[in-house]
$ cat final-v1.tsv   # TSV, C-alpha atoms
chain	number	residue	atom	x	y	z
A	233	MET	CA	58.97	-92.11	93.31
A	234	ASP	CA	58.76	-88.32	93.26
A	235	PRO	CA	55.25	-87.22	94.41
A	236	ASP	CA	54.53	-85.32	91.18
A	237	ALA	CA	55.72	-88.24	89.05
A	238	LEU	CA	53.65	-90.65	91.12
A	239	TYR	CA	50.55	-88.50	90.70
A	240	GLN	CA	51.01	-88.19	86.95
A	241	ASP	CA	51.58	-91.93	86.63
A	242	ILE	CA	48.27	-92.67	88.34
A	243	VAL	CA	46.36	-90.06	86.31
A	244	ASP	CA	47.80	-91.55	83.10
A	245	LYS	CA	46.71	-95.06	84.14
A	246	TYR	CA	43.20	-93.78	84.91
A	247	SER	CA	43.13	-92.19	81.45
A	248	ARG	CA	44.33	-95.31	79.66
A	249	HIS	CA	42.63	-98.04	81.64
A	250	ILE	CA	39.80	-96.79	83.91
A	251	ASN	CA	37.83	-93.70	82.83
A	252	PRO	CA	39.41	-90.93	80.70
A	253	GLY	CA	36.60	-88.44	81.34
A	254	LEU	CA	36.72	-88.94	85.10
A	255	ALA	CA	40.50	-88.59	85.12
A	256	LYS	CA	40.26	-85.27	83.29
A	257	LEU	CA	37.52	-83.99	85.58
A	258	MET	CA	39.28	-84.93	88.82
A	259	ALA	CA	42.65	-83.58	87.70
A	260	PHE	CA	41.06	-80.29	86.61
A	261	ALA	CA	39.29	-79.96	89.97
A	262	GLY	CA	42.55	-80.46	91.83
A	263	PHE	CA	41.88	-83.79	93.51
A	264	GLY	CA	45.16	-85.44	94.46
A	265	LEU	CA	46.11	-89.06	95.00
A	266	GLU	CA	44.91	-90.50	98.30
A	267	VAL	CA	47.66	-92.52	99.98
A	268	ARG	CA	46.48	-93.00	103.56
A	269	ALA	CA	43.66	-92.10	105.91
A	270	GLU	CA	42.88	-92.17	109.61
A	271	GLY	CA	40.00	-90.91	111.70
A	272	CYS	CA	38.43	-87.91	110.00
A	273	HIS	CA	41.37	-87.21	107.69
A	274	ILE	CA	42.67	-88.25	104.29
A	275	TYR	CA	46.30	-87.61	103.24
A	276	ASP	CA	47.39	-87.13	99.63
A	277	HIS	CA	50.61	-87.91	97.73
A	278	GLU	CA	52.19	-84.64	98.85
A	279	GLY	CA	51.37	-85.22	102.50
A	280	ARG	CA	48.53	-82.69	102.60
A	281	LYS	CA	45.80	-83.41	105.16
A	282	TYR	CA	42.08	-83.08	104.35
A	283	LEU	CA	39.14	-83.10	106.71
A	284	ASP	CA	36.79	-85.65	105.12
A	285	CYS	CA	33.30	-84.12	105.07
A	286	LEU	CA	32.20	-86.37	102.22
A	287	GLY	CA	32.81	-89.54	104.18
A	288	GLY	CA	32.66	-91.83	101.15
A	289	TYR	CA	29.02	-90.82	100.57
A	290	GLY	CA	28.20	-92.22	104.00
A	291	VAL	CA	30.66	-95.12	104.16
A	292	PHE	CA	32.96	-93.69	106.82
A	293	ALA	CA	30.51	-93.19	109.66
A	294	LEU	CA	33.16	-94.47	112.07
A	295	GLY	CA	35.94	-92.57	110.35
A	296	HIS	CA	38.80	-94.12	108.45
A	297	LYS	CA	40.52	-97.20	109.78
A	298	HIS	CA	38.66	-97.43	113.09
A	299	PRO	CA	40.92	-99.58	115.29
A	300	LYS	CA	38.15	-101.84	116.60
A	301	VAL	CA	36.92	-102.68	113.10
A	302	VAL	CA	40.45	-103.17	111.79
A	303	GLU	CA	41.23	-105.46	114.74
A	304	ALA	CA	38.09	-107.55	114.10
A	305	VAL	CA	38.95	-107.95	110.41
A	306	LYS	CA	42.59	-108.85	111.13
A	307	ARG	CA	41.47	-111.44	113.65
A	308	GLN	CA	39.07	-113.00	111.16
A	309	LEU	CA	41.67	-112.84	108.38
A	310	ASP	CA	43.91	-115.17	110.35
A	311	LEU	CA	41.05	-117.65	110.73
A	312	MET	CA	39.21	-117.63	107.39
A	313	PRO	CA	38.78	-114.66	105.02
A	314	LEU	CA	35.97	-116.00	102.79
A	315	SER	CA	33.24	-118.57	103.13
A	316	GLY	CA	33.73	-122.02	101.67
A	317	LYS	CA	29.95	-121.93	101.00
A	318	ALA	CA	29.43	-125.58	101.98
A	319	PHE	CA	29.36	-125.01	105.75
A	320	PHE	CA	27.59	-122.78	108.27
A	321	ASN	CA	29.18	-119.33	108.52
A	322	GLY	CA	29.56	-118.09	112.12
A	323	PRO	CA	30.27	-114.39	111.50
A	324	GLN	CA	27.30	-114.18	109.11
A	325	ALA	CA	24.98	-115.70	111.71
A	326	ASP	CA	26.29	-113.37	114.42
A	327	LEU	CA	25.84	-110.26	112.27
A	328	ALA	CA	22.33	-111.30	111.18
A	329	GLU	CA	21.32	-111.77	114.80
A	330	LYS	CA	22.79	-108.40	115.77
A	331	LEU	CA	21.02	-106.64	112.91
A	332	SER	CA	17.69	-108.13	113.94
A	333	SER	CA	18.20	-106.75	117.44
A	334	VAL	CA	18.80	-103.15	116.32
A	335	ALA	CA	16.57	-102.93	113.22
A	336	PRO	CA	12.91	-101.85	113.23
A	337	GLU	CA	10.67	-104.49	114.76
A	338	GLY	CA	9.75	-107.35	112.47
A	339	LEU	CA	12.90	-107.33	110.34
A	340	GLU	CA	14.17	-110.70	111.56
A	341	PHE	CA	16.00	-112.02	108.50
A	342	THR	CA	18.94	-110.78	106.41
A	343	PHE	CA	20.36	-111.61	103.00
A	344	PHE	CA	23.94	-110.42	102.59
A	345	SER	CA	25.53	-109.02	99.44
A	346	ASN	CA	28.41	-106.68	98.62
A	347	SER	CA	26.90	-103.27	97.92
A	348	GLY	CA	23.86	-101.05	98.17
A	349	THR	CA	22.71	-101.64	94.62
A	350	GLU	CA	22.86	-105.42	95.17
A	351	ALA	CA	20.83	-105.00	98.34
A	352	VAL	CA	18.20	-103.08	96.36
A	353	GLU	CA	18.16	-105.69	93.58
A	354	ALA	CA	17.42	-108.34	96.19
A	355	ALA	CA	14.66	-106.24	97.77
A	356	LEU	CA	12.96	-105.72	94.40
A	357	LYS	CA	13.11	-109.44	93.62
A	358	PHE	CA	11.81	-110.36	97.06
A	359	ALA	CA	8.89	-107.92	96.77
A	360	LYS	CA	7.84	-109.37	93.44
A	361	ALA	CA	8.14	-112.95	94.67
A	362	ALA	CA	6.27	-112.27	97.90
A	363	THR	CA	3.34	-110.47	96.26
A	364	GLY	CA	3.15	-112.05	92.82
A	365	ARG	CA	2.98	-108.54	91.34
A	366	GLU	CA	5.30	-106.63	89.01
A	367	LYS	CA	4.74	-102.92	89.58
A	368	ILE	CA	7.18	-100.93	91.72
A	369	VAL	CA	6.49	-97.37	92.87
A	370	SER	CA	9.51	-95.10	93.36
A	371	THR	CA	10.10	-91.38	93.77
A	372	VAL	CA	11.33	-88.58	91.54
A	373	GLY	CA	14.88	-87.76	92.62
A	374	GLY	CA	15.30	-91.03	94.48
A	375	TYR	CA	18.55	-92.92	94.19
A	376	HIS	CA	18.78	-96.70	94.62
A	377	GLY	CA	21.78	-97.75	92.54
A	378	LYS	CA	22.89	-98.24	88.95
A	379	THR	CA	22.40	-101.91	88.15
A	380	ILE	CA	19.48	-102.66	85.81
A	381	GLY	CA	16.76	-103.19	88.42
A	382	ALA	CA	18.00	-100.59	90.90
A	383	LEU	CA	18.58	-98.08	88.10
A	384	ALA	CA	15.00	-98.57	86.94
A	385	THR	CA	13.88	-97.20	90.33
A	386	THR	CA	16.45	-94.35	90.40
A	387	GLY	CA	14.64	-91.11	89.73
A	388	ARG	CA	16.84	-89.23	87.29
A	389	GLU	CA	16.58	-89.81	83.54
A	390	LYS	CA	20.18	-88.76	82.92
A	391	TYR	CA	21.37	-92.05	84.39
A	392	ARG	CA	18.54	-94.25	83.05
A	393	THR	CA	18.27	-93.17	79.42
A	394	PRO	CA	21.55	-94.61	78.04
A	395	PHE	CA	20.62	-98.08	79.31
A	396	THR	CA	16.97	-98.45	78.34
A	397	PRO	CA	15.01	-100.63	78.26
A	398	LEU	CA	15.39	-101.23	81.97
A	399	MET	CA	13.22	-103.29	84.31
A	400	PRO	CA	9.62	-102.49	83.30
A	401	GLY	CA	6.72	-101.62	85.53
A	402	VAL	CA	8.15	-98.73	87.58
A	403	ASP	CA	6.02	-95.64	88.36
A	404	TYR	CA	7.47	-92.43	89.77
A	405	VAL	CA	5.71	-90.10	92.17
A	406	PRO	CA	6.90	-86.83	93.74
A	407	TYR	CA	8.83	-87.39	96.95
A	408	GLY	CA	6.82	-86.34	99.97
A	409	ASP	CA	3.49	-86.48	98.13
A	410	LEU	CA	1.43	-89.06	100.01
A	411	ASP	CA	-1.66	-88.71	97.82
A	412	ALA	CA	0.36	-89.43	94.68
A	413	ALA	CA	1.86	-92.50	96.32
A	414	ARG	CA	-1.58	-93.82	97.29
A	415	GLU	CA	-2.84	-93.38	93.75
A	416	ALA	CA	0.19	-95.12	92.23
A	417	LEU	CA	-0.03	-98.07	94.63
A	418	ASN	CA	-3.77	-98.50	93.84
A	419	GLY	CA	-3.95	-102.17	94.78
A	420	HIS	CA	-1.75	-103.42	91.94
A	421	ALA	CA	1.83	-102.65	93.09
A	422	ALA	CA	4.28	-105.11	94.55
A	423	ALA	CA	6.05	-102.45	96.59
A	424	MET	CA	6.99	-98.85	97.15
A	425	ILE	CA	10.71	-98.13	97.54
A	426	VAL	CA	11.70	-94.95	99.33
A	427	GLU	CA	14.59	-93.28	101.17
A	428	PRO	CA	13.84	-91.83	104.63
A	429	ILE	CA	15.82	-88.81	103.40
A	430	GLN	CA	16.71	-88.47	99.73
A	431	GLY	CA	20.50	-88.46	99.57
A	432	GLU	CA	21.52	-88.04	95.94
A	433	GLY	CA	18.26	-86.18	95.37
A	434	GLY	CA	19.71	-83.25	97.30
A	435	ILE	CA	19.32	-84.18	101.00
A	436	ILE	CA	15.55	-83.82	100.85
A	437	VAL	CA	13.76	-84.32	104.17
A	438	PRO	CA	10.13	-85.40	103.75
A	439	PRO	CA	7.26	-83.78	105.63
A	440	LYS	CA	6.43	-85.23	109.01
A	441	GLY	CA	4.06	-88.16	108.70
A	442	TYR	CA	5.17	-89.09	105.19
A	443	LEU	CA	6.82	-92.43	106.02
A	444	PRO	CA	4.04	-93.52	108.42
A	445	GLY	CA	1.57	-92.52	105.72
A	446	LEU	CA	3.37	-94.69	103.19
A	447	ARG	CA	3.26	-97.57	105.64
A	448	THR	CA	-0.53	-97.23	105.85
A	449	ALA	CA	-0.90	-96.77	102.10
A	450	CYS	CA	1.11	-99.92	101.40
A	451	ASP	CA	-0.97	-101.89	103.89
A	452	GLU	CA	-4.19	-100.69	102.26
A	453	ALA	CA	-2.89	-101.69	98.82
A	454	SER	CA	-1.46	-105.04	100.06
A	455	ALA	CA	1.93	-103.83	98.84
A	456	LEU	CA	5.29	-104.02	100.60
A	457	LEU	CA	7.19	-101.01	101.91
A	458	ILE	CA	10.90	-101.07	101.03
A	459	VAL	CA	12.92	-98.50	102.97
A	460	ASP	CA	16.32	-97.84	101.42
A	461	GLU	CA	18.66	-97.08	104.34
A	462	VAL	CA	21.89	-97.52	102.36
A	463	GLN	CA	22.89	-93.92	103.07
A	464	THR	CA	20.77	-93.13	106.14
A	465	GLY	CA	21.43	-96.29	108.15
A	466	LEU	CA	23.61	-96.76	111.24
A	467	ALA	CA	23.27	-93.44	113.06
A	468	ARG	CA	23.80	-91.09	110.10
A	469	THR	CA	20.61	-89.11	110.81
A	470	GLY	CA	20.80	-89.05	114.60
A	471	ALA	CA	18.82	-92.29	114.88
A	472	MET	CA	20.03	-95.84	114.28
A	473	PHE	CA	17.95	-95.88	111.09
A	474	GLY	CA	16.16	-93.07	109.27
A	475	SER	CA	12.84	-94.86	109.63
A	476	ASP	CA	13.26	-94.87	113.42
A	477	HIS	CA	12.47	-91.14	113.65
A	478	GLU	CA	8.78	-91.90	113.24
A	479	GLY	CA	8.77	-95.55	114.29
A	480	VAL	CA	8.09	-96.95	110.82
A	481	ARG	CA	8.35	-100.73	110.34
A	482	PRO	CA	9.25	-101.64	106.75
A	483	ASP	CA	8.67	-105.02	105.15
A	484	LEU	CA	12.11	-104.83	103.56
A	485	MET	CA	15.11	-102.62	104.37
A	486	THR	CA	18.38	-102.20	102.51
A	487	LEU	CA	21.75	-101.40	104.10
A	488	ALA	CA	25.33	-100.97	102.91
A	489	LYS	CA	27.91	-98.14	103.10
A	490	ALA	CA	28.46	-97.62	106.88
A	491	LEU	CA	27.68	-101.27	107.66
A	492	GLY	CA	31.23	-102.23	106.64
A	493	GLY	CA	32.73	-99.95	109.26
A	494	GLY	CA	34.73	-98.10	106.62
A	495	VAL	CA	36.90	-101.19	106.16
A	496	MET	CA	34.96	-103.79	104.14
A	497	PRO	CA	32.26	-103.60	101.44
A	498	ILE	CA	28.99	-105.21	102.47
A	499	GLY	CA	25.32	-104.94	101.56
A	500	ALA	CA	22.30	-106.31	103.42
A	501	THR	CA	18.63	-106.80	102.62
A	502	MET	CA	16.50	-107.29	105.71
A	503	GLY	CA	12.95	-108.60	105.69
A	504	THR	CA	10.10	-110.00	107.74
A	505	ALA	CA	9.39	-113.66	108.37
A	506	LYS	CA	6.36	-113.44	106.07
A	507	VAL	CA	8.46	-112.16	103.17
A	508	TRP	CA	11.22	-114.69	103.79
A	509	GLU	CA	8.80	-117.60	103.80
A	510	ALA	CA	7.27	-116.46	100.53
A	511	VAL	CA	10.68	-116.01	98.87
A	512	PHE	CA	12.82	-118.79	100.28
A	513	GLY	CA	10.17	-121.28	101.44
A	514	PRO	CA	9.68	-122.91	98.03
A	515	ASN	CA	13.42	-122.80	97.21
A	516	PRO	CA	16.11	-121.83	99.76
A	517	LEU	CA	18.59	-121.20	96.92
A	518	VAL	CA	16.33	-118.93	94.86
A	519	HIS	CA	18.64	-115.95	95.50
A	520	THR	CA	22.34	-116.36	96.31
A	521	SER	CA	25.64	-114.47	96.28
A	522	THR	CA	29.12	-115.99	96.01
A	523	PHE	CA	30.86	-113.29	98.03
A	524	GLY	CA	27.89	-111.95	99.99
A	525	GLY	CA	28.14	-112.63	103.72
A	526	GLY	CA	31.85	-113.43	103.62
A	527	GLU	CA	33.59	-113.78	106.94
A	528	LEU	CA	35.72	-110.63	106.68
A	529	ALA	CA	32.78	-108.42	105.69
A	530	CYS	CA	30.55	-109.80	108.44
A	531	ALA	CA	33.28	-109.41	111.07
A	532	ALA	CA	33.58	-105.76	110.03
A	533	GLY	CA	29.79	-105.29	110.10
A	534	LEU	CA	29.43	-106.73	113.59
A	535	ALA	CA	32.29	-104.58	114.89
A	536	ALA	CA	30.79	-101.49	113.23
A	537	ILE	CA	27.45	-101.87	115.00
A	538	GLN	CA	29.22	-102.46	118.31
A	539	VAL	CA	31.25	-99.25	117.84
A	540	VAL	CA	28.08	-97.27	117.07
A	541	GLU	CA	26.54	-98.50	120.31
A	542	GLU	CA	29.63	-98.32	122.55
A	543	GLU	CA	30.70	-94.84	121.42
A	544	GLY	CA	27.19	-93.35	121.47
A	545	LEU	CA	27.35	-92.34	117.82
A	546	VAL	CA	23.59	-92.00	117.43
A	547	GLU	CA	23.55	-89.15	119.94
A	548	ARG	CA	26.84	-87.76	118.69
A	549	SER	CA	25.44	-87.59	115.16
A	550	ARG	CA	22.44	-85.68	116.44
A	551	VAL	CA	24.46	-83.19	118.50
A	552	ARG	CA	27.16	-82.54	115.92
A	553	GLY	CA	24.51	-82.30	113.23
A	554	VAL	CA	22.70	-79.54	115.10
A	555	GLN	CA	26.01	-77.69	115.47
A	556	LEU	CA	27.03	-78.05	111.82
A	557	LYS	CA	23.61	-77.14	110.49
A	558	ALA	CA	23.50	-73.98	112.62
A	559	LEU	CA	26.94	-72.88	111.43
A	560	LEU	CA	26.07	-73.52	107.78
A	561	GLU	CA	22.80	-71.65	108.22
A	562	GLY	CA	24.84	-68.69	109.43
A	563	VAL	CA	26.88	-68.83	106.23
A	564	ARG	CA	23.67	-68.98	104.19
A	565	GLU	CA	22.36	-65.85	105.88
A	566	ARG	CA	25.57	-63.99	104.97
A	567	HIS	CA	25.43	-65.18	101.36
A	568	ALA	CA	21.71	-65.41	100.65
A	569	ASP	CA	22.28	-64.38	97.02
A	570	LEU	CA	24.16	-67.65	96.37
A	571	VAL	CA	22.85	-70.09	98.99
A	572	THR	CA	19.13	-70.80	99.03
A	573	ALA	CA	18.79	-73.52	101.68
A	574	VAL	CA	20.50	-75.58	104.34
A	575	ARG	CA	18.68	-78.78	105.28
A	576	GLY	CA	19.17	-82.22	106.73
A	577	VAL	CA	19.02	-84.33	109.85
A	578	GLY	CA	21.93	-85.50	111.99
A	579	LEU	CA	25.18	-85.48	110.02
A	580	MET	CA	23.44	-85.72	106.66
A	581	ILE	CA	23.26	-82.09	105.58
A	582	GLY	CA	22.84	-80.46	102.20
A	583	VAL	CA	23.51	-76.91	101.07
A	584	GLU	CA	21.63	-75.76	97.97
A	585	PHE	CA	22.86	-73.00	95.66
A	586	ALA	CA	20.85	-70.56	93.56
A	587	MET	CA	22.79	-71.27	90.36
A	588	ASP	CA	24.37	-74.17	88.54
A	589	GLU	CA	28.15	-74.69	88.79
A	590	VAL	CA	28.44	-72.72	92.04
A	591	GLY	CA	28.60	-75.95	94.02
A	592	GLU	CA	31.43	-77.31	91.88
A	593	LEU	CA	33.43	-74.10	92.24
A	594	THR	CA	32.86	-74.05	96.00
A	595	ILE	CA	33.99	-77.67	96.36
A	596	VAL	CA	37.25	-76.84	94.60
A	597	GLN	CA	37.81	-73.87	96.90
A	598	MET	CA	37.06	-75.98	99.96
A	599	LEU	CA	39.59	-78.55	98.79
A	600	LYS	CA	42.24	-75.79	98.64
A	601	ARG	CA	41.41	-75.16	102.31
A	602	GLY	CA	41.82	-78.77	103.34
A	603	VAL	CA	38.16	-79.87	103.45
A	604	CYS	CA	36.67	-82.52	101.16
A	605	ALA	CA	33.01	-82.46	100.05
A	606	ALA	CA	30.94	-83.31	96.94
A	607	TYR	CA	27.66	-82.51	95.26
A	608	THR	CA	24.67	-84.86	95.05
A	609	LEU	CA	24.25	-86.91	91.86
A	610	ASN	CA	20.57	-86.17	91.25
A	611	ASN	CA	20.80	-82.49	92.17
A	612	PRO	CA	24.19	-80.90	91.36
A	613	ARG	CA	23.09	-77.60	92.92
A	614	VAL	CA	23.39	-79.28	96.33
A	615	ILE	CA	26.65	-80.13	98.06
A	616	ARG	CA	26.54	-82.54	100.95
A	617	PHE	CA	28.23	-82.69	104.31
A	618	GLU	CA	28.41	-86.29	105.55
A	619	PRO	CA	31.50	-86.37	107.78
A	620	PRO	CA	32.41	-89.26	110.08
A	621	LEU	CA	30.16	-89.38	113.12
A	622	ILE	CA	33.27	-89.21	115.30
A	623	ILE	CA	33.95	-85.64	114.10
A	624	SER	CA	34.81	-83.25	116.91
A	625	GLU	CA	33.26	-79.89	117.74
A	626	GLU	CA	36.45	-78.17	116.57
A	627	GLN	CA	36.45	-80.07	113.27
A	628	VAL	CA	32.83	-79.12	112.64
A	629	ALA	CA	33.79	-75.48	113.09
A	630	GLN	CA	36.74	-75.98	110.73
A	631	ALA	CA	34.45	-77.39	108.05
A	632	ALA	CA	32.00	-74.49	108.35
A	633	ASP	CA	34.83	-71.91	108.25
A	634	ALA	CA	36.31	-73.53	105.14
A	635	PHE	CA	32.91	-73.48	103.46
A	636	SER	CA	32.42	-69.81	104.32
A	637	GLU	CA	35.84	-68.83	102.97
A	638	ALA	CA	35.38	-70.99	99.86
A	639	LEU	CA	32.03	-69.38	99.15
A	640	LEU	CA	33.51	-65.91	99.47
A	641	GLU	CA	36.24	-66.72	96.97
A	642	THR	CA	33.72	-68.32	94.64
A	643	LYS	CA	31.67	-65.13	94.76
A	644	GLU	CA	34.78	-63.13	93.82
A	645	LEU	CA	35.50	-65.47	90.91
A	646	LEU	CA	31.95	-65.12	89.63
A	647	ALA	CA	32.14	-61.33	89.90
A	648	ALA	CA	35.40	-61.31	87.92
A	649	VAL	CA	33.86	-63.15	84.96
A	650	ALA	CA	30.48	-61.38	85.06
$ encode --input "final-v1.tsv" --output "structure tokens"
Amino acid sequence: MDPDALYQDIVDKYSRHINPGLAKLMAFAGFGLEVRAEGCHIYDHEGRKYLDCLGGYGVFALGHKHPKVVEAVKRQLDLMPLSGKAFFNGPQADLAEKLSSVAPEGLEFTFFSNSGTEAVEAALKFAKAATGREKIVSTVGGYHGKTIGALATTGREKYRTPFTPLMPGVDYVPYGDLDAAREALNGHAAAMIVEPIQGEGGIIVPPKGYLPGLRTACDEASALLIVDEVQTGLARTGAMFGSDHEGVRPDLMTLAKALGGGVMPIGATMGTAKVWEAVFGPNPLVHTSTFGGGELACAAGLAAIQVVEEEGLVERSRVRGVQLKALLEGVRERHADLVTAVRGVGLMIGVEFAMDEVGELTIVQMLKRGVCAAYTLNNPRVIRFEPPLIISEEQVAQAADAFSEALLETKELLAAVA
């Protein structure tokens, strides 16, 4: 089919059968039809190549179609794609053991699901079961998913309001405010759920000592600490997990996105022996998932962790992150009237603009220059850079140059309509 006809056919199908508003928005912004991807690049229906600096919101830490992950999944596919559920599952056991060896100390057990929001749902249930309490403390601007329980802890009313009433008993406190968290926990909360770095909140890095302080506050209140590592996990921040930067040991930790190696969807909820005994001791089937922990997903997860270790991606994330942040900071200095901040850790970097809509315009201009990025859901003034951790020094420079040129053109567009 002719590329233009193919594109229009897909847009029409989106409009008729998926999401008319999204189809209109994406077509207006100039997003094409993805047809293949490899490494750090995505190719559209016209054969144009894009440097992927969005990385599937953190999914493609290893890049697209990493050969070792693909090989592991193909090998498992020939043996058994999904669990029969009546027998022991070898790949699930292997992945759970591997996770326990790399996770913060004490997280010995894993429940597998299919996504980050499912992982959060499990963590919330486990916290309530383990403590016998109902209250959950979350943070303003936090993002934990869009199912009923996870959405109840997601800190932006725009996404919660259309679906109320949600899960009751959730209190919000400002992110980074330890005193507010202590007051909200106050001896009656089941848990506090928090991101080591707020992703959709605008790549917000907390003050030093915040996570360790929450650990102490939860202990004092006999509450559990849930650390949501769905976006920060597996080397994204220059450490294996975001909580590793200050040696924090959660009671529960959620993973997804990068855990599938960019090949398979998978979610994971990790917890301590004490939590697991309280939840599953009375009934080992109290929480289950038909597809969670399937052989293909677990084969991908195990291969993904092995690639992170073998290719030194924790250190690479740190080094490339320092480079990218410095280059973006240089752009900010040249355009201080439009760009107010550059922040982040490792290859999880946000750029904040002084005005609304500037980020959207800049993203469109970057796309014209062959670089893909996106803004954060809970703070549209911030665009994020979360490229694959395998990104090269030259590709980092390419991304920064494209951003600089895109910002300059955006400034000219704004001047023309002023």
$ residues_around --input "final-v1.tsv" --residues "region 362-368 of chain A" --least-positions-apart "6" --cutoff "9 Å" --atoms "all atoms listed in the file" --output "PDB file with C-alpha atoms, in the coordinates of the input"
ATOM      1  CA  LEU A 356      12.960-105.720  94.400  1.00  0.00           C
ATOM      2  CA  THR A 385      13.880 -97.200  90.330  1.00  0.00           C
ATOM      3  CA  PRO A 400       9.620-102.490  83.300  1.00  0.00           C
ATOM      4  CA  GLY A 401       6.720-101.620  85.530  1.00  0.00           C
ATOM      5  CA  VAL A 402       8.150 -98.730  87.580  1.00  0.00           C
ATOM      6  CA  ASP A 403       6.020 -95.640  88.360  1.00  0.00           C
ATOM      7  CA  TYR A 404       7.470 -92.430  89.770  1.00  0.00           C
ATOM      8  CA  LEU A 417      -0.030 -98.070  94.630  1.00  0.00           C
ATOM      9  CA  HIS A 420      -1.750-103.420  91.940  1.00  0.00           C
ATOM     10  CA  ALA A 421       1.830-102.650  93.090  1.00  0.00           C
ATOM     11  CA  ALA A 422       4.280-105.110  94.550  1.00  0.00           C
ATOM     12  CA  ALA A 423       6.050-102.450  96.590  1.00  0.00           C
ATOM     13  CA  MET A 424       6.990 -98.850  97.150  1.00  0.00           C
ATOM     14  CA  ILE A 425      10.710 -98.130  97.540  1.00  0.00           C
ATOM     15  CA  SER A 454      -1.460-105.040 100.060  1.00  0.00           C
ATOM     16  CA  ALA A 455       1.930-103.830  98.840  1.00  0.00           C
ATOM     17  CA  LEU A 456       5.290-104.020 100.600  1.00  0.00           C
ATOM     18  CA  LYS A 506       6.360-113.440 106.070  1.00  0.00           C
ATOM     19  CA  VAL A 507       8.460-112.160 103.170  1.00  0.00           C
ATOM     20  CA  TRP A 508      11.220-114.690 103.790  1.00  0.00           C
ATOM     21  CA  GLU A 509       8.800-117.600 103.800  1.00  0.00           C
ATOM     22  CA  ALA A 510       7.270-116.460 100.530  1.00  0.00           C
ATOM     23  CA  VAL A 511      10.680-116.010  98.870  1.00  0.00           C
TER      24      VAL A 511
END
$ residues_near_point --input "final-v1.tsv" --point "(31.2, -81.7, 104.3)" --cutoff "6 Å" --atoms "only C-alpha atoms" --output "list in words"
Cys285, Leu286, Ala605, Arg616, Phe617, Glu618 and Pro619 of chain A
$ closest_residue --input "final-v1.tsv" --among "A:Gly533, A:Gly290, A:Gly322, A:Gly433" --to "Gly374 (chain A)" --atoms "all atoms listed in the file"
A:Gly433
$ closest_residue --input "final-v1.tsv" --among "A:Pro514, A:Pro620, A:Gly582, A:Gly524" --to "Leu314 (chain A)" --atoms "only C-alpha atoms"
A:Gly524
$ residues_around --input "final-v1.tsv" --residues "Lys300 (chain A)" --least-positions-apart "6" --cutoff "12 Å" --atoms "all atoms listed in the file" --output "number ranges by chain"
A: 294, 306-307, 493-495, 531-540, 542-543
$ residues_around --input "final-v1.tsv" --residues "Val577 (chain A)" --least-positions-apart "6" --cutoff "10 Å" --atoms "all atoms listed in the file" --output "list in words"
Ile429, Ile435, Ile436, Val437, Thr464, Arg468, Thr469, Gly470, Ala471, Gly474, Ser549, Arg550, Gly553, Val554 and Lys557 of chain A
$ residues_around --input "final-v1.tsv" --residues "Glu415 (chain A)" --least-positions-apart "2" --cutoff "12 Å" --atoms "only C-alpha atoms" --output "VMD selection string"
chain A and resid 369 403 to 406 409 to 413 417 to 421 424 446 449 to 450 452 to 453
$ axis_aligned_box --input "final-v1.tsv" --around "region 344-350 of chain A" --padding-each-side "6 Å" --output "AutoDock Vina command-line options"
--center_x 25.6 --center_y -105.7 --center_z 98.6 --size_x 17.7 --size_y 21.4 --size_z 20.0
